[in-house]
Amino acid sequence: MAANNLRPIREHYEREGYVSPLRVMSAERANEYRRALEAIQKTYENDPVATGLLTWTAGIVLPFVDEIVRLPSILNPVKEILGEDVLSMAASFFIKEPKSPAFVSWHQDLTYWGYKGVSEVTAWLALTEASRQNGCMWFLPGSQKQKLVDHHDTFEKTNMLSRGQRANVHVDEADAVAVTLRPGEMSLHHGHMFHSSKPNASPERRIGLAIRYVSPSMFQVSGQRPFAHLVAGNDRYGHFQLLDSPITMMADGDMEKARHAMAMHEETSYNGAVGQGKRTDWR
Ligand SMILES: O=C(O)CCC(=O)C(=O)O
C-alpha cells in the first residue's frame, strides 16, 4: 500500500480511536497460520505452562508469529500511527473455544500496563472469522479521547483479562460498533479505546492474534525494561531489552525469556490488586 493511501487511516484512528477492517493477508494464509498454531497447541496440550507461554508470549517463542509481526501489510499502517521506529512488545493469542463463556469486559488497555506515554497501538489479526456470534470485539468510537479512567477488579472466572477489570463508566452498547473481521483482516485500536467482547455462542473457535506495538520512547514508570522486538527503524532510547527473532519453535532459551516476560508483566499488571486469583507460576 502506498503511503498516501494510508493518510485516511491515521485520520480515522485519531478521530475514532480505531481502524477496521484492514486486509493484511489472504484468508488462505490466515488459515495456514491457524494450522501452525493448532499443531503446536496439540504438541503441548498436556503442558499448561507451555500452553500459556505459547498463547501469551507467542512473539517470543513461535517463529511464525515473529514473521506475522514483521509483515509490511501490518507494519505500514502501524507506522502511519506510531512513526518509523516501532517495537513489538507482545503478541498474544486471544482464543475463544466453541460455545465458550469467555468474555472481555469494557476496559482500556493501558490501564495496568505501567507505561508512561500513549504511543501504543494494538493490531488484532483474525485467524478465523470474528463475528457477533463468536464474540468479536466491540469498540466505543471516540472513547480514547477520555484518556485513562479508573477501573475496578472483578477477577471473574470467565473474564479473559488478568484482573477481570472493568472501567468505571457506563457504556451504552447502542453507541458501540461490532468489529467483525474475516480471516486475514485486522483492526487497529488505541490504548485508551474502550473495548470489550462477548462469549462465543458458535460451534467454532474464534482466534485472534493481538500484537502490541509501541514507539521506543514509551517506558515503564517502575524502571523495569520489558522485552521487545525491534520491527521497524531504530531504538534510540534503550527502554526495552531487545530480543532476537525466535528461530525454532519453543526453543529453551526463548522459553526462558518468555517465562521472564510473563513474570515481569504480571508484576506490573497486578500492581495494587487485592485478589490475585489468576496469577500463575511460570517456572
Ligand atoms: O480478543 C478479544 O476478545 C479481546 C482482545 C482485547 O481486549 C485486546 O486485544 O486488547
# chains A, B, ... in the order shown; residues from 1 in each chain; ligands from 1
call {"tool": "closest_atom_pairs", "arguments": {"of": "chain A", "to": "ligand 1", "cutoff": "6 Å", "atoms": "only C-alpha atoms and all ligand atoms", "output": "JSON lines"}}
result
{"residue": "A:Phe94", "atom": "CA", "partner": "ligand 1", "partner_atom_place_in_ligand_line": "1 (O)", "distance": 4.7}
{"residue": "A:Val104", "atom": "CA", "partner": "ligand 1", "partner_atom_place_in_ligand_line": "3 (O)", "distance": 5.8}
{"residue": "A:Asp109", "atom": "CA", "partner": "ligand 1", "partner_atom_place_in_ligand_line": "10 (O)", "distance": 5.8}
{"residue": "A:Cys136", "atom": "CA", "partner": "ligand 1", "partner_atom_place_in_ligand_line": "3 (O)", "distance": 6.0}
{"residue": "A:Met137", "atom": "CA", "partner": "ligand 1", "partner_atom_place_in_ligand_line": "3 (O)", "distance": 5.1}
{"residue": "A:Ser197", "atom": "CA", "partner": "ligand 1", "partner_atom_place_in_ligand_line": "3 (O)", "distance": 4.7}
{"residue": "A:Ala210", "atom": "CA", "partner": "ligand 1", "partner_atom_place_in_ligand_line": "9 (O)", "distance": 4.9}
call {"tool": "write_last_selection", "arguments": {"atoms": "C-alpha atoms", "output": "mmCIF file, in the first residue's frame"}}
result
data_model
loop_
_atom_site.group_PDB
_atom_site.id
_atom_site.type_symbol
_atom_site.label_atom_id
_atom_site.label_comp_id
_atom_site.auth_asym_id
_atom_site.auth_seq_id
_atom_site.Cartn_x
_atom_site.Cartn_y
_atom_site.Cartn_z
ATOM 1 C CA PHE A 94 -6.983 -14.458 22.228
ATOM 2 C CA VAL A 104 -13.785 -9.418 27.903
ATOM 3 C CA ASP A 109 -5.557 -1.500 27.547
ATOM 4 C CA CYS A 136 -15.840 -10.320 18.102
ATOM 5 C CA MET A 137 -14.538 -7.191 19.835
ATOM 6 C CA SER A 197 -16.069 -8.788 23.674
ATOM 7 C CA ALA A 210 -3.254 -9.240 19.426
#
call {"tool": "select_by_dssp", "arguments": {"residues": "range 73-257 of chain A", "states": "helix (DSSP H, G or I)", "output": "number ranges by chain"}}
result
A: 73-82, 109-112, 143-146, 173-175, 252-257
call {"tool": "residues_around", "arguments": {"residues": "Met255 in chain A", "least_positions_apart": "3", "cutoff": "9 Å", "atoms": "only C-alpha atoms", "output": "list in words"}}
result
Ala50, Leu53, Leu54, Ile60, Val61, Met250, Ala251, Asp252, Ala258, Arg259 and His260 of chain A
call {"tool": "atom_distance", "arguments": {"atom1": "CA of Asn271 in chain A", "atom2": "CA of Gly142 in chain A"}}
result
28.1 Å
call {"tool": "residues_around", "arguments": {"residues": "Phe227 in chain A", "least_positions_apart": "2", "cutoff": "8 Å", "atoms": "only C-alpha atoms", "output": "PyMOL selection string"}}
result
chain A and resi 89+225+229+240-243+261
call {"tool": "write_last_selection", "arguments": {"atoms": "N, CA, C and O atoms", "output": "PDB file, in the first residue's frame"}}
result
ATOM      1  N   MET A  89       6.022  -5.250  21.492  1.00  0.00           N
ATOM      2  CA  MET A  89       6.370  -5.614  22.879  1.00  0.00           C
ATOM      3  C   MET A  89       5.557  -6.797  23.377  1.00  0.00           C
ATOM      4  O   MET A  89       5.828  -7.313  24.463  1.00  0.00           O
ATOM      5  N   ARG A 225      12.635  -2.891  32.425  1.00  0.00           N
ATOM      6  CA  ARG A 225      12.861  -2.866  30.971  1.00  0.00           C
ATOM      7  C   ARG A 225      12.258  -4.122  30.354  1.00  0.00           C
ATOM      8  O   ARG A 225      12.902  -5.179  30.331  1.00  0.00           O
ATOM      9  N   HIS A 229      10.719  -6.746  20.455  1.00  0.00           N
ATOM     10  CA  HIS A 229      11.429  -6.951  19.189  1.00  0.00           C
ATOM     11  C   HIS A 229      11.382  -5.647  18.398  1.00  0.00           C
ATOM     12  O   HIS A 229      10.300  -5.047  18.278  1.00  0.00           O
ATOM     13  N   PHE A 240      13.731  -0.739  26.459  1.00  0.00           N
ATOM     14  CA  PHE A 240      13.308  -2.146  26.366  1.00  0.00           C
ATOM     15  C   PHE A 240      14.547  -3.016  26.183  1.00  0.00           C
ATOM     16  O   PHE A 240      15.574  -2.551  25.673  1.00  0.00           O
ATOM     17  N   GLN A 241      14.444  -4.282  26.552  1.00  0.00           N
ATOM     18  CA  GLN A 241      15.511  -5.254  26.249  1.00  0.00           C
ATOM     19  C   GLN A 241      15.143  -5.892  24.913  1.00  0.00           C
ATOM     20  O   GLN A 241      14.126  -6.599  24.821  1.00  0.00           O
ATOM     21  N   LEU A 242      15.949  -5.624  23.906  1.00  0.00           N
ATOM     22  CA  LEU A 242      15.603  -6.100  22.564  1.00  0.00           C
ATOM     23  C   LEU A 242      16.005  -7.564  22.385  1.00  0.00           C
ATOM     24  O   LEU A 242      17.121  -7.963  22.712  1.00  0.00           O
ATOM     25  N   LEU A 243      15.068  -8.332  21.858  1.00  0.00           N
ATOM     26  CA  LEU A 243      15.275  -9.768  21.659  1.00  0.00           C
ATOM     27  C   LEU A 243      15.536 -10.070  20.190  1.00  0.00           C
ATOM     28  O   LEU A 243      15.026  -9.381  19.303  1.00  0.00           O
ATOM     29  N   ALA A 261       9.341 -12.804  30.790  1.00  0.00           N
ATOM     30  CA  ALA A 261       8.423 -11.765  30.285  1.00  0.00           C
ATOM     31  C   ALA A 261       7.093 -11.823  31.034  1.00  0.00           C
ATOM     32  O   ALA A 261       6.539 -10.788  31.424  1.00  0.00           O
TER      33      ALA A 261
END
call {"tool": "residues_around", "arguments": {"residues": "His107 in chain A", "least_positions_apart": "6", "cutoff": "9 Å", "atoms": "only C-alpha atoms", "output": "ChimeraX atom specification"}}
result
/A:151,165-168,192-196
call {"tool": "select_by_dssp", "arguments": {"residues": "range 137-257 of chain A", "states": "strand (DSSP E or B)", "output": "PyMOL selection string"}}
result
chain A and resi 137-139+151-152+159+166-167+177-179+181+185-190+195-197+206-214+219-220+227-232+241-242
call {"tool": "residues_around", "arguments": {"residues": "Tyr33 in chain A", "least_positions_apart": "3", "cutoff": "12 Å", "atoms": "only C-alpha atoms", "output": "PyMOL selection string"}}
result
chain A and resi 25-30+36-40+62-68+93+125-128+183-184+207-209
call {"tool": "closest_residue", "arguments": {"among": "A:Glu14, A:Glu120, A:Glu84, A:Asp172", "to": "Gln108 in chain A", "atoms": "only C-alpha atoms"}}
result
A:Glu120
call {"tool": "atom_distance", "arguments": {"atom1": "CA of Tyr44 in chain A", "atom2": "CA of Asp244 in chain A"}}
result
23.4 Å
call {"tool": "closest_residue", "arguments": {"among": "A:Ser119, A:Asn31, A:Ser20, A:Gln133", "to": "Leu181 in chain A", "atoms": "only C-alpha atoms"}}
result
A:Ser20
call {"tool": "atom_distance", "arguments": {"atom1": "CA of Pro77 in chain A", "atom2": "CA of Glu16 in chain A"}}
result
15.4 Å
call {"tool": "closest_residue", "arguments": {"among": "A:Val231, A:Val78, A:Met218, A:Ala201", "to": "Glu97 in chain A", "atoms": "only C-alpha atoms"}}
result
A:Ala201
call {"tool": "closest_residue", "arguments": {"among": "A:Arg205, A:Arg212, A:His12, A:Arg163", "to": "Leu75 in chain A", "atoms": "only C-alpha atoms"}}
result
A:Arg212
call {"tool": "closest_residue", "arguments": {"among": "A:Leu148, A:Tyr112, A:Ala232, A:Lys157", "to": "Val69 in chain A", "atoms": "only C-alpha atoms"}}
result
A:Ala232
call {"tool": "residues_around", "arguments": {"residues": "Leu230 in chain A", "least_positions_apart": "6", "cutoff": "7 Å", "atoms": "only C-alpha atoms", "output": "VMD selection string"}}
result
chain A and resid 86 to 88 242
call {"tool": "closest_residue", "arguments": {"among": "A:Asn200, A:Leu161, A:Thr43, A:Gly135", "to": "Pro98 in chain A", "atoms": "only C-alpha atoms"}}
result
A:Asn200
